[in-house]
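Coordinates as given in my_file-v9.cif (mmCIF, C-alpha atoms):
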data_protein
loop_
_atom_site.label_atom_id
_atom_site.label_comp_id
_atom_site.auth_asym_id
_atom_site.auth_seq_id
_atom_site.Cartn_x
_atom_site.Cartn_y
_atom_site.Cartn_z
CA MET A 644 0.87 -12.78 29.13
CA THR A 645 0.11 -16.49 29.13
CA ARG A 646 3.36 -18.47 29.08
CA ASN A 647 3.84 -21.78 27.31
CA ASN A 648 3.54 -23.79 30.51
CA ASP A 649 0.09 -22.40 31.45
CA LEU A 650 -2.10 -25.22 30.16
CA THR A 651 -5.53 -23.89 29.24
CA GLU A 652 -7.71 -23.99 26.15
CA LYS A 653 -6.96 -20.33 25.59
CA TYR A 654 -3.91 -19.35 23.60
CA GLU A 655 -2.25 -16.06 22.98
CA VAL A 656 -2.20 -16.75 19.25
CA ILE A 657 -3.78 -19.32 16.98
CA VAL A 658 -2.22 -19.88 13.56
CA VAL A 659 -4.54 -21.51 11.02
CA GLY A 660 -2.38 -23.16 8.38
CA GLY A 661 0.81 -25.18 8.82
CA GLY A 662 2.68 -24.29 5.64
CA ALA A 663 5.76 -22.09 5.36
CA ALA A 664 3.88 -18.95 6.45
CA GLY A 665 2.16 -20.54 9.42
CA LEU A 666 5.21 -22.41 10.70
CA SER A 667 7.44 -19.36 10.33
CA ALA A 668 4.95 -17.30 12.34
CA ALA A 669 4.70 -20.03 14.97
CA LEU A 670 8.49 -20.15 15.33
CA VAL A 671 8.66 -16.43 16.08
CA LEU A 672 5.72 -16.61 18.47
CA GLY A 673 7.13 -19.59 20.34
CA ARG A 674 10.48 -17.90 20.77
CA ALA A 675 8.61 -14.88 22.14
CA ARG A 676 7.18 -17.12 24.88
CA LEU A 677 3.61 -16.85 23.66
CA ARG A 678 1.37 -19.88 23.99
CA THR A 679 0.63 -20.70 20.36
CA LEU A 680 -1.46 -23.29 18.56
CA VAL A 681 -1.05 -24.22 14.89
CA VAL A 682 -4.11 -25.77 13.24
CA ASP A 683 -2.97 -27.67 10.15
CA ALA A 684 -5.27 -29.52 7.75
CA GLY A 685 -2.20 -30.95 5.97
CA GLU A 686 -2.98 -29.67 2.46
CA PRO A 687 0.00 -27.59 1.30
CA ARG A 688 -0.31 -25.97 -2.11
CA ASN A 689 3.05 -27.37 -3.29
CA ALA A 690 2.27 -30.98 -2.32
CA PRO A 691 2.40 -32.17 -5.98
CA SER A 692 6.00 -30.94 -6.34
CA ASP A 693 9.01 -33.11 -5.57
CA HIS A 694 11.21 -30.12 -4.84
CA MET A 695 11.10 -26.41 -4.08
CA GLN A 696 13.52 -23.87 -5.48
CA GLY A 697 14.78 -20.37 -4.83
CA TYR A 698 14.91 -20.63 -1.02
CA LEU A 699 18.49 -19.85 -0.03
CA THR A 700 20.14 -22.89 1.69
CA ARG A 701 17.02 -24.98 0.98
CA ASP A 702 17.11 -24.96 -2.83
CA GLY A 703 15.93 -28.32 -4.15
CA MET A 704 14.57 -29.58 -0.83
CA PRO A 705 11.38 -31.67 -0.99
CA PRO A 706 8.48 -29.60 0.39
CA ALA A 707 7.41 -32.39 2.75
CA GLU A 708 10.89 -32.49 4.28
CA PHE A 709 10.91 -28.70 4.68
CA LEU A 710 7.60 -28.77 6.55
CA ALA A 711 8.67 -31.69 8.73
CA LEU A 712 11.77 -29.78 9.83
CA GLY A 713 9.61 -26.73 10.51
CA ARG A 714 7.31 -28.73 12.76
CA GLU A 715 10.30 -30.05 14.69
CA GLU A 716 11.63 -26.52 15.17
CA ILE A 717 8.40 -25.02 16.53
CA ALA A 718 8.01 -27.94 18.95
CA ARG A 719 11.29 -26.91 20.64
CA TYR A 720 9.58 -23.73 21.81
CA GLY A 721 6.43 -25.35 23.13
CA VAL A 722 4.23 -24.52 20.17
CA GLU A 723 1.35 -26.97 19.85
CA LEU A 724 0.21 -28.34 16.50
CA VAL A 725 -3.05 -30.12 15.87
CA ARG A 726 -3.97 -31.97 12.68
CA ASP A 727 -7.43 -30.58 12.15
CA ARG A 728 -9.41 -28.14 10.03
CA ALA A 729 -10.75 -24.79 11.20
CA VAL A 730 -14.38 -24.78 10.06
CA ASP A 731 -15.69 -21.62 11.71
CA VAL A 732 -14.52 -18.58 13.62
CA SER A 733 -16.11 -15.79 15.61
CA ARG A 734 -14.84 -12.83 17.58
CA GLY A 735 -16.00 -11.56 20.95
CA GLU A 736 -13.52 -10.71 23.67
CA ASP A 737 -11.21 -13.08 21.81
CA PHE A 738 -11.25 -15.27 18.71
CA ALA A 739 -13.10 -18.59 18.95
CA VAL A 740 -12.01 -21.11 16.33
CA ALA A 741 -14.18 -24.19 15.81
CA LEU A 742 -12.35 -27.28 14.56
CA ALA A 743 -13.76 -30.11 12.48
CA GLY A 744 -12.83 -32.55 15.25
CA GLY A 745 -15.29 -30.87 17.61
CA ARG A 746 -12.87 -28.77 19.66
CA THR A 747 -13.21 -25.00 20.02
CA VAL A 748 -10.05 -23.05 20.85
CA HIS A 749 -9.65 -19.41 21.78
CA ALA A 750 -6.92 -16.83 21.28
CA ARG A 751 -6.29 -13.12 21.64
CA ARG A 752 -4.82 -12.86 18.17
CA LEU A 753 -5.31 -14.90 15.02
CA ILE A 754 -3.17 -15.53 11.93
CA VAL A 755 -4.90 -17.08 8.91
CA ALA A 756 -2.33 -18.70 6.63
CA THR A 757 -4.63 -21.03 4.71
CA GLY A 758 -3.14 -20.27 1.30
CA LEU A 759 -5.02 -20.96 -1.91
CA LYS A 760 -6.06 -23.86 -4.09
CA ASP A 761 -5.13 -24.28 -7.74
CA GLU A 762 -8.01 -25.18 -10.06
CA LEU A 763 -6.41 -26.73 -13.11
CA PRO A 764 -7.72 -26.55 -16.68
CA GLU A 765 -10.04 -29.47 -17.42
CA VAL A 766 -7.82 -31.13 -20.00
CA PRO A 767 -7.34 -34.91 -19.64
CA GLY A 768 -3.92 -35.70 -18.16
CA VAL A 769 -3.15 -32.23 -16.82
CA ALA A 770 -4.10 -32.89 -13.20
CA GLU A 771 -2.33 -36.26 -13.14
CA ARG A 772 0.96 -34.77 -14.32
CA PHE A 773 0.81 -31.46 -12.48
CA GLY A 774 4.06 -30.79 -10.62
CA ARG A 775 5.97 -33.24 -12.83
CA ASP A 776 6.06 -32.19 -16.48
CA VAL A 777 2.89 -30.08 -16.34
CA LEU A 778 4.05 -26.97 -14.54
CA HIS A 779 2.88 -23.46 -13.72
CA CYS A 780 5.89 -21.45 -12.53
CA PRO A 781 9.19 -21.02 -14.40
CA PHE A 782 10.87 -19.65 -11.28
CA CYS A 783 9.97 -22.87 -9.47
CA HIS A 784 10.82 -25.32 -12.25
CA GLY A 785 12.41 -23.50 -15.18
CA TRP A 786 16.01 -24.47 -14.46
CA GLU A 787 15.14 -28.16 -14.12
CA VAL A 788 13.45 -28.25 -17.56
CA ARG A 789 15.64 -25.71 -19.34
CA ASP A 790 16.05 -26.12 -23.11
CA GLU A 791 13.29 -28.70 -23.38
CA ARG A 792 10.34 -28.41 -25.77
CA PHE A 793 7.84 -26.19 -23.97
CA GLY A 794 4.14 -25.89 -24.54
CA VAL A 795 1.93 -23.27 -22.91
CA LEU A 796 -1.79 -23.94 -22.55
CA ALA A 797 -3.72 -20.70 -23.01
CA THR A 798 -6.82 -20.26 -20.90
CA SER A 799 -7.04 -16.47 -21.20
CA PRO A 800 -5.17 -13.71 -23.06
CA LEU A 801 -2.95 -13.45 -19.95
CA SER A 802 -1.38 -16.74 -21.05
CA VAL A 803 0.60 -14.72 -23.59
CA HIS A 804 2.56 -13.29 -20.68
CA GLN A 805 3.29 -16.80 -19.40
CA ALA A 806 4.55 -17.88 -22.83
CA LEU A 807 6.82 -14.85 -23.05
CA MET A 808 8.19 -15.49 -19.56
CA VAL A 809 9.00 -19.16 -20.10
CA SER A 810 10.82 -18.33 -23.34
CA ASN A 811 13.69 -17.26 -21.09
CA TRP A 812 14.30 -20.94 -20.27
CA SER A 813 13.87 -22.45 -23.74
CA ASP A 814 14.13 -21.37 -27.36
CA ASP A 815 11.46 -23.91 -28.34
CA VAL A 816 8.10 -22.64 -27.05
CA THR A 817 4.64 -23.22 -28.51
CA LEU A 818 1.57 -21.36 -27.28
CA PHE A 819 -1.55 -23.51 -27.70
CA LEU A 820 -4.48 -21.10 -27.86
CA HIS A 821 -6.93 -23.78 -26.65
CA THR A 822 -9.97 -21.74 -25.49
CA VAL A 823 -8.56 -18.36 -26.58
CA ALA A 824 -9.57 -17.02 -29.99
CA GLU A 825 -6.82 -15.63 -32.20
CA GLU A 826 -8.58 -12.27 -32.39
CA GLU A 827 -8.28 -11.90 -28.61
CA LEU A 828 -4.52 -11.39 -29.02
CA THR A 829 -3.44 -7.81 -29.52
CA ASP A 830 -0.98 -6.61 -32.11
CA GLN A 831 1.54 -6.07 -29.32
CA ASP A 832 0.97 -9.65 -28.13
CA LEU A 833 1.69 -11.00 -31.60
CA ARG A 834 4.78 -8.83 -32.07
CA ARG A 835 6.21 -9.88 -28.73
CA LEU A 836 5.49 -13.55 -29.36
CA ALA A 837 7.22 -13.33 -32.73
CA ALA A 838 10.19 -11.51 -31.22
CA ALA A 839 10.52 -14.21 -28.56
CA GLY A 840 10.31 -16.98 -31.16
CA VAL A 841 7.10 -18.39 -29.68
CA LYS A 842 5.02 -20.40 -32.14
CA VAL A 843 1.24 -19.85 -31.88
CA VAL A 844 -1.06 -22.82 -32.56
CA PRO A 845 -4.85 -22.28 -32.68
CA GLY A 846 -7.32 -24.99 -31.79
CA GLU A 847 -8.58 -26.67 -28.65
CA VAL A 848 -6.29 -29.05 -26.75
CA ALA A 849 -7.99 -32.42 -26.25
CA GLY A 850 -5.34 -34.20 -24.18
CA LEU A 851 -1.73 -35.14 -23.65
CA ARG A 852 0.41 -37.89 -25.12
CA VAL A 853 2.42 -39.76 -22.50
CA ASP A 854 4.98 -42.48 -23.19
CA ASP A 855 6.86 -44.40 -20.48
CA ASP A 856 5.41 -42.02 -17.88
CA ARG A 857 6.80 -38.96 -19.65
CA LEU A 858 4.95 -36.22 -21.46
CA THR A 859 5.82 -36.44 -25.14
CA GLY A 860 3.13 -34.43 -26.88
CA VAL A 861 0.04 -32.23 -26.84
CA ARG A 862 -2.96 -33.56 -28.78
CA LEU A 863 -5.45 -31.18 -30.37
CA ALA A 864 -9.15 -31.79 -30.97
CA ASP A 865 -8.48 -32.09 -34.72
CA GLY A 866 -6.34 -35.17 -34.02
CA SER A 867 -2.95 -33.57 -34.65
CA THR A 868 -0.20 -33.97 -32.06
CA HIS A 869 2.64 -31.56 -31.35
CA GLU A 870 5.75 -32.99 -29.71
CA ARG A 871 6.32 -31.31 -26.35
CA SER A 872 8.09 -32.54 -23.21
CA VAL A 873 6.88 -29.81 -20.82
CA LEU A 874 3.52 -28.05 -20.62
CA PHE A 875 3.01 -24.84 -18.67
CA VAL A 876 -0.51 -24.08 -17.49
CA ALA A 877 -2.09 -21.24 -15.53
CA PRO A 878 -4.27 -22.65 -12.74
CA ARG A 879 -7.18 -20.58 -11.51
CA ALA A 880 -6.21 -19.38 -8.04
CA VAL A 881 -8.91 -19.81 -5.40
CA PRO A 882 -7.90 -17.89 -2.24
CA GLN A 883 -8.90 -19.67 0.97
CA THR A 884 -10.31 -16.56 2.64
CA GLY A 885 -13.48 -18.04 4.17
CA LEU A 886 -12.43 -17.58 7.79
CA MET A 887 -11.41 -13.99 7.20
CA GLU A 888 -14.67 -13.26 5.40
CA ARG A 889 -16.65 -14.64 8.34
CA LEU A 890 -14.89 -12.10 10.55
CA GLY A 891 -15.72 -9.26 8.18
CA ALA A 892 -12.27 -8.67 6.69
CA GLU A 893 -12.28 -6.32 3.74
CA LEU A 894 -11.24 -7.90 0.43
CA GLN A 895 -9.95 -6.35 -2.77
CA GLU A 896 -10.39 -7.73 -6.25
CA THR A 897 -7.29 -8.60 -8.30
CA PRO A 898 -6.85 -10.37 -11.66
CA PHE A 899 -6.16 -13.52 -9.62
CA GLY A 900 -9.07 -13.40 -7.17
CA ALA A 901 -10.19 -11.45 -4.11
CA TYR A 902 -7.58 -11.09 -1.37
CA PRO A 903 -7.71 -9.33 2.01
CA VAL A 904 -6.70 -5.71 2.39
CA VAL A 905 -3.62 -5.70 4.62
CA ASP A 906 -0.89 -3.41 5.93
CA PRO A 907 2.82 -4.22 5.40
CA THR A 908 2.78 -6.68 8.33
CA GLY A 909 -0.23 -8.63 7.04
CA ARG A 910 -2.68 -7.01 9.48
CA THR A 911 -6.21 -7.11 8.05
CA THR A 912 -9.02 -4.63 8.59
CA VAL A 913 -10.29 -6.78 11.49
CA PRO A 914 -8.60 -5.89 14.81
CA GLY A 915 -6.35 -8.72 15.96
CA LEU A 916 -6.45 -10.61 12.66
CA TRP A 917 -3.37 -11.11 10.47
CA THR A 918 -2.71 -13.16 7.36
CA ALA A 919 0.39 -14.37 5.50
CA GLY A 920 1.44 -16.45 2.52
CA ASN A 921 -0.81 -17.23 -0.44
CA ALA A 922 -3.87 -16.25 1.60
CA LEU A 923 -2.90 -12.65 0.87
CA GLY A 924 -1.49 -12.95 -2.64
CA PHE A 925 -1.24 -15.26 -5.64
CA ALA A 926 2.50 -14.87 -6.27
CA GLU A 927 3.84 -15.66 -2.79
CA GLN A 928 6.61 -18.26 -3.11
CA VAL A 929 7.78 -20.36 -0.15
CA VAL A 930 10.47 -17.84 0.77
CA HIS A 931 7.94 -14.98 0.62
CA ALA A 932 5.46 -16.93 2.72
CA ALA A 933 8.04 -17.63 5.41
CA SER A 934 9.03 -13.97 5.46
CA GLY A 935 5.39 -12.89 5.69
CA GLY A 936 4.77 -15.23 8.59
CA TYR A 937 7.76 -13.77 10.41
CA ARG A 938 6.52 -10.20 9.84
CA ALA A 939 3.01 -10.99 11.03
CA ALA A 940 4.23 -12.77 14.15
CA SER A 941 6.68 -10.06 15.16
CA ALA A 942 3.94 -7.44 14.72
CA ILE A 943 1.63 -9.49 16.94
CA VAL A 944 4.28 -9.79 19.65
CA GLY A 945 4.64 -6.02 19.75
CA ASP A 946 0.88 -5.54 19.63
CA LEU A 947 0.30 -7.81 22.62
CA ILE A 948 3.10 -6.26 24.66
CA MET A 949 1.79 -2.73 24.15
CA SER A 950 -1.81 -3.81 24.68
CA ASP A 951 -0.95 -5.39 28.05
CA LEU A 952 1.14 -2.41 29.13
CA ASP A 953 -1.64 0.03 28.24
CA ALA A 954 -4.20 -2.11 30.06
CA GLY A 955 -2.00 -2.06 33.16
CA LEU A 956 -1.73 1.72 33.06
CA LYS A 957 -5.52 2.03 33.19
CA GLU A 958 -5.83 -0.06 36.36
#

For the file at hand, write its structure as structure tokens.
Amino acid sequence: MTRNNDLTEKYEVIVVGGGAAGLSAALVLGRARLRTLVVDAGEPRNAPSDHMQGYLTRDGMPPAEFLALGREEIARYGVELVRDRAVDVSRGEDFAVALAGGRTVHARRLIVATGLKDELPEVPGVAERFGRDVLHCPFCHGWEVRDERFGVLATSPLSVHQALMVSNWSDDVTLFLHTVAEEELTDQDLRRLAAAGVKVVPGEVAGLRVDDDRLTGVRLADGSTHERSVLFVAPRAVPQTGLMERLGAELQETPFGAYPVVDPTGRTTVPGLWTAGNALGFAEQVVHAASGGYRAASAIVGDLIMSDLDAGLKE
């Protein structure tokens, strides 16, 4: 195998994406003495958030600080990191990854950990306050806003589920139907909402009321305003699977977009190609992403070891 001190443009593994999944994979690969390159465009999904939650020993840490520590850790093991964007990829004897900066790098194995992008509802004020008092995940933010006046912006009938979930953190929840017609809700939806104490308000949401840089209300198109201090929304998840698609990876449709078909280690249907983090699923939290990166990297280490041993036996 190529060791970390063999300076060539060819790597054992390239990791595209420098978030929790990519850095976790790089840490394992570096410790396994594999020459590894991380290509990071610097666009983490949780950038709008001031803190991350639910990661044991890192609960409440700012995401930027978490990633900075991760970059320091992988550097100890000789892992290289380049601030660039992977714009194309092909596969011959190895993977060739073209970077926006003009460089092309090669590797025997590839991990795509490019995550997803959140497309927010086009309601004035939502994008500006996202990650502050406009939120999407009660597991990420519910404790911090517990017992406040919640609103939930419905963009599909699935928003009923979001309203029912967030009712665990507050007894004052209003579901704003927005673009969802009342008749789209089932009898079971209505019974559950009533049982949870969730108020249902029809009518399109026109904007937010903000006072002293705090959300104070939700304004409807009819001019009425409902006092709310937190608004939960359901962004449209857009998986960043372009590189995997170029390589011919099989995708499967889900209610949250098309994601690659993988085995338990994140191995795709393309030989030598793995994925981890939100690139393989909508609900991956930071702790899941880090775990997935670890699994993918350890599988690659074993794959390379056995591949080299088998090649030697044929000589």

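Counting all atoms listed in the file, A:Ser810 has the following residues at most 12 Å away, ignoring those fewer than 4 positions along the same chain: A:Pro781, A:Gly785, A:Trp786, A:Val788, A:Arg789, A:Asp790, A:Glu791, A:Arg792, A:Phe793, A:Gly794, A:Val795, A:Val803, A:His804, A:Gln805, A:Ala806, A:Asp814, A:Asp815, A:Val816, A:Thr817, A:Leu818, A:Arg835, A:Leu836, A:Ala837, A:Ala838, A:Ala839, A:Gly840, A:Val841, A:Lys842, A:Phe875.
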
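Of the residues under consideration (A:Asp946, A:Glu896, A:Glu827, A:Glu870), A:Glu896 shows the shortest atom-to-atom contact distance to A:Gly924 when counting all atoms listed in the file.
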
Please build the interface table for stretch 704-809 of chain A against stretch 684-699 of chain A with a cut-off of 12 Å, listing for each qualifying residue the nearest atom pair and the distance in Å to one decimal; count all atoms listed in the file, order rows by chain and increasing number, and write it as a Markdown table.
| residue | atom | partner | partner_atom | distance |
| --- | --- | --- | --- | --- |
| A:Met704 | CA | A:His694 | CA | 5.3 |
| A:Pro705 | CA | A:His694 | CA | 4.2 |
| A:Pro706 | CA | A:His694 | CA | 5.9 |
| A:Ala707 | CA | A:Ala690 | CA | 7.4 |
| A:Glu708 | CA | A:His694 | CA | 9.4 |
| A:Phe709 | CA | A:Met695 | CA | 9.1 |
| A:Leu710 | CA | A:Pro687 | CA | 9.3 |
| A:Ala711 | CA | A:Gly685 | CA | 11.2 |
| A:Arg714 | CA | A:Gly685 | CA | 11.9 |
| A:Leu724 | CA | A:Ala684 | CA | 10.4 |
| A:Val725 | CA | A:Ala684 | CA | 8.4 |
| A:Arg726 | CA | A:Ala684 | CA | 5.7 |
| A:Asp727 | CA | A:Ala684 | CA | 5.0 |
| A:Arg728 | CA | A:Ala684 | CA | 4.9 |
| A:Ala729 | CA | A:Ala684 | CA | 8.0 |
| A:Val730 | CA | A:Ala684 | CA | 10.5 |
| A:Leu742 | CA | A:Ala684 | CA | 10.1 |
| A:Ala743 | CA | A:Ala684 | CA | 9.7 |
| A:Gly744 | CA | A:Ala684 | CA | 11.1 |
| A:Ala756 | CA | A:Pro687 | CA | 10.6 |
| A:Thr757 | CA | A:Pro687 | CA | 8.7 |
| A:Gly758 | CA | A:Arg688 | CA | 7.2 |
| A:Leu759 | CA | A:Arg688 | CA | 6.9 |
| A:Lys760 | CA | A:Arg688 | CA | 6.4 |
| A:Asp761 | CA | A:Arg688 | CA | 7.6 |
| A:Glu762 | CA | A:Arg688 | CA | 11.1 |
| A:Ala770 | CA | A:Pro691 | CA | 9.7 |
| A:Glu771 | CA | A:Pro691 | CA | 9.5 |
| A:Arg772 | CA | A:Pro691 | CA | 8.9 |
| A:Phe773 | CA | A:Pro691 | CA | 6.7 |
| A:Gly774 | CA | A:Ser692 | CA | 4.7 |
| A:Arg775 | CA | A:Ser692 | CA | 6.9 |
| A:Asp776 | CA | A:Ser692 | CA | 10.2 |
| A:Val777 | CA | A:Ser692 | CA | 10.5 |
| A:Leu778 | CA | A:Ser692 | CA | 9.3 |
| A:His779 | CA | A:Ser692 | CA | 11.0 |
| A:Cys780 | CA | A:Gln696 | CA | 10.7 |
| A:Pro781 | CA | A:Gln696 | CA | 10.3 |
| A:Phe782 | CA | A:Gly697 | CA | 7.6 |
| A:Cys783 | CA | A:Gln696 | CA | 5.4 |
| A:His784 | CA | A:Gln696 | CA | 7.4 |
| A:Gly785 | CA | A:Gln696 | CA | 9.8 |
| A:Trp786 | CA | A:Gln696 | CA | 9.3 |
| A:Glu787 | CA | A:Gln696 | CA | 9.8 |

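With the shown file loaded, the PyMOL selection byres ((chain A and resi 939) around 9) picks out Ala668, Ile754, Pro907, Thr908, Gly909, Arg910, Trp917, Thr918, Ala919, Ser934, Gly935, Gly936, Tyr937, Arg938, Ala940, Ser941, Ala942, Ile943 and Val944 of chain A.
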
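Nearest residue to A:Arg734, choosing from A:Gly920, A:Gly713, A:Gly891, A:Gly900 and counting all atoms listed in the file: A:Gly891.
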
Selection result for the PyMOL selection byres ((chain A and resi 950-954) around 12) on this file, as a PDB file with C-alpha atoms, in the frame of the given file:
ATOM      1  CA  MET A 644       0.870 -12.780  29.130  1.00  0.00           C
ATOM      2  CA  THR A 645       0.110 -16.490  29.130  1.00  0.00           C
ATOM      3  CA  GLU A 655      -2.250 -16.060  22.980  1.00  0.00           C
ATOM      4  CA  ARG A 751      -6.290 -13.120  21.640  1.00  0.00           C
ATOM      5  CA  ARG A 752      -4.820 -12.860  18.170  1.00  0.00           C
ATOM      6  CA  GLY A 915      -6.350  -8.720  15.960  1.00  0.00           C
ATOM      7  CA  ILE A 943       1.630  -9.490  16.940  1.00  0.00           C
ATOM      8  CA  VAL A 944       4.280  -9.790  19.650  1.00  0.00           C
ATOM      9  CA  GLY A 945       4.640  -6.020  19.750  1.00  0.00           C
ATOM     10  CA  ASP A 946       0.880  -5.540  19.630  1.00  0.00           C
ATOM     11  CA  LEU A 947       0.300  -7.810  22.620  1.00  0.00           C
ATOM     12  CA  ILE A 948       3.100  -6.260  24.660  1.00  0.00           C
ATOM     13  CA  MET A 949       1.790  -2.730  24.150  1.00  0.00           C
ATOM     14  CA  GLY A 955      -2.000  -2.060  33.160  1.00  0.00           C
ATOM     15  CA  LEU A 956      -1.730   1.720  33.060  1.00  0.00           C
ATOM     16  CA  LYS A 957      -5.520   2.030  33.190  1.00  0.00           C
ATOM     17  CA  GLU A 958      -5.830  -0.060  36.360  1.00  0.00           C
TER      18      GLU A 958
END

Centre and size of axis-aligned box enclosing stretch 880-887 of chain A plus 5 Å each side, as AutoDock Vina command-line options:
--center_x -9.8 --center_y -16.9 --center_z -0.1 --size_x 17.3 --size_y 15.8 --size_z 25.8

TODO: Mind checking which residues fall within 7 Å of A:Thr679, counting only C-alpha atoms, ignoring those fewer than 3 positions away in the same chain, and posting them as a VMD selection string?
DONE: chain A and resid 654 to 657 669 672 to 673 722 to 723

- [ ] Apply the PyMOL selection byres ((chain A and resi 819) around 8) to the displayed file and report the matching residues as a ChimeraX atom specification.
- [x] /A:794-797,817-818,820-821,843-848

Task: Using only C-alpha atoms: which of A:Leu828, A:Ala922, A:Ala932, A:Val748 has the shortest distance to A:Leu886 - done: A:Ala922

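Among the candidates A:Val876, A:Asp855, A:His931, A:Leu916, the one nearest to A:Pro764 when counting all atoms listed in the file is A:Val876.
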
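For the residues A:Leu753, A:Val929, A:Val766, A:Leu666, ranking by smallest atom-to-atom distance to A:Pro914 using all atoms listed in the file places A:Leu753 first.
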
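One distance worth recording is that between atom CA of A:Arg871 and atom CA of A:Val769, which is 13.5 Å.
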
- [ ] Rounded to one decimal place, report the atom CA of A:Thr911-atom CA of A:Gly665 distance in Å.
- [x] 15.9 Å

TODO: Quote the spacing between atom CA of A:Asp702 and atom CA of A:Ser802 in Å to one decimal place.
DONE: 27.2 Å

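Among the candidates A:Arg678, A:Ala864, A:Val809, A:Glu825, the one nearest to A:Leu851 when counting all atoms listed in the file is A:Ala864.
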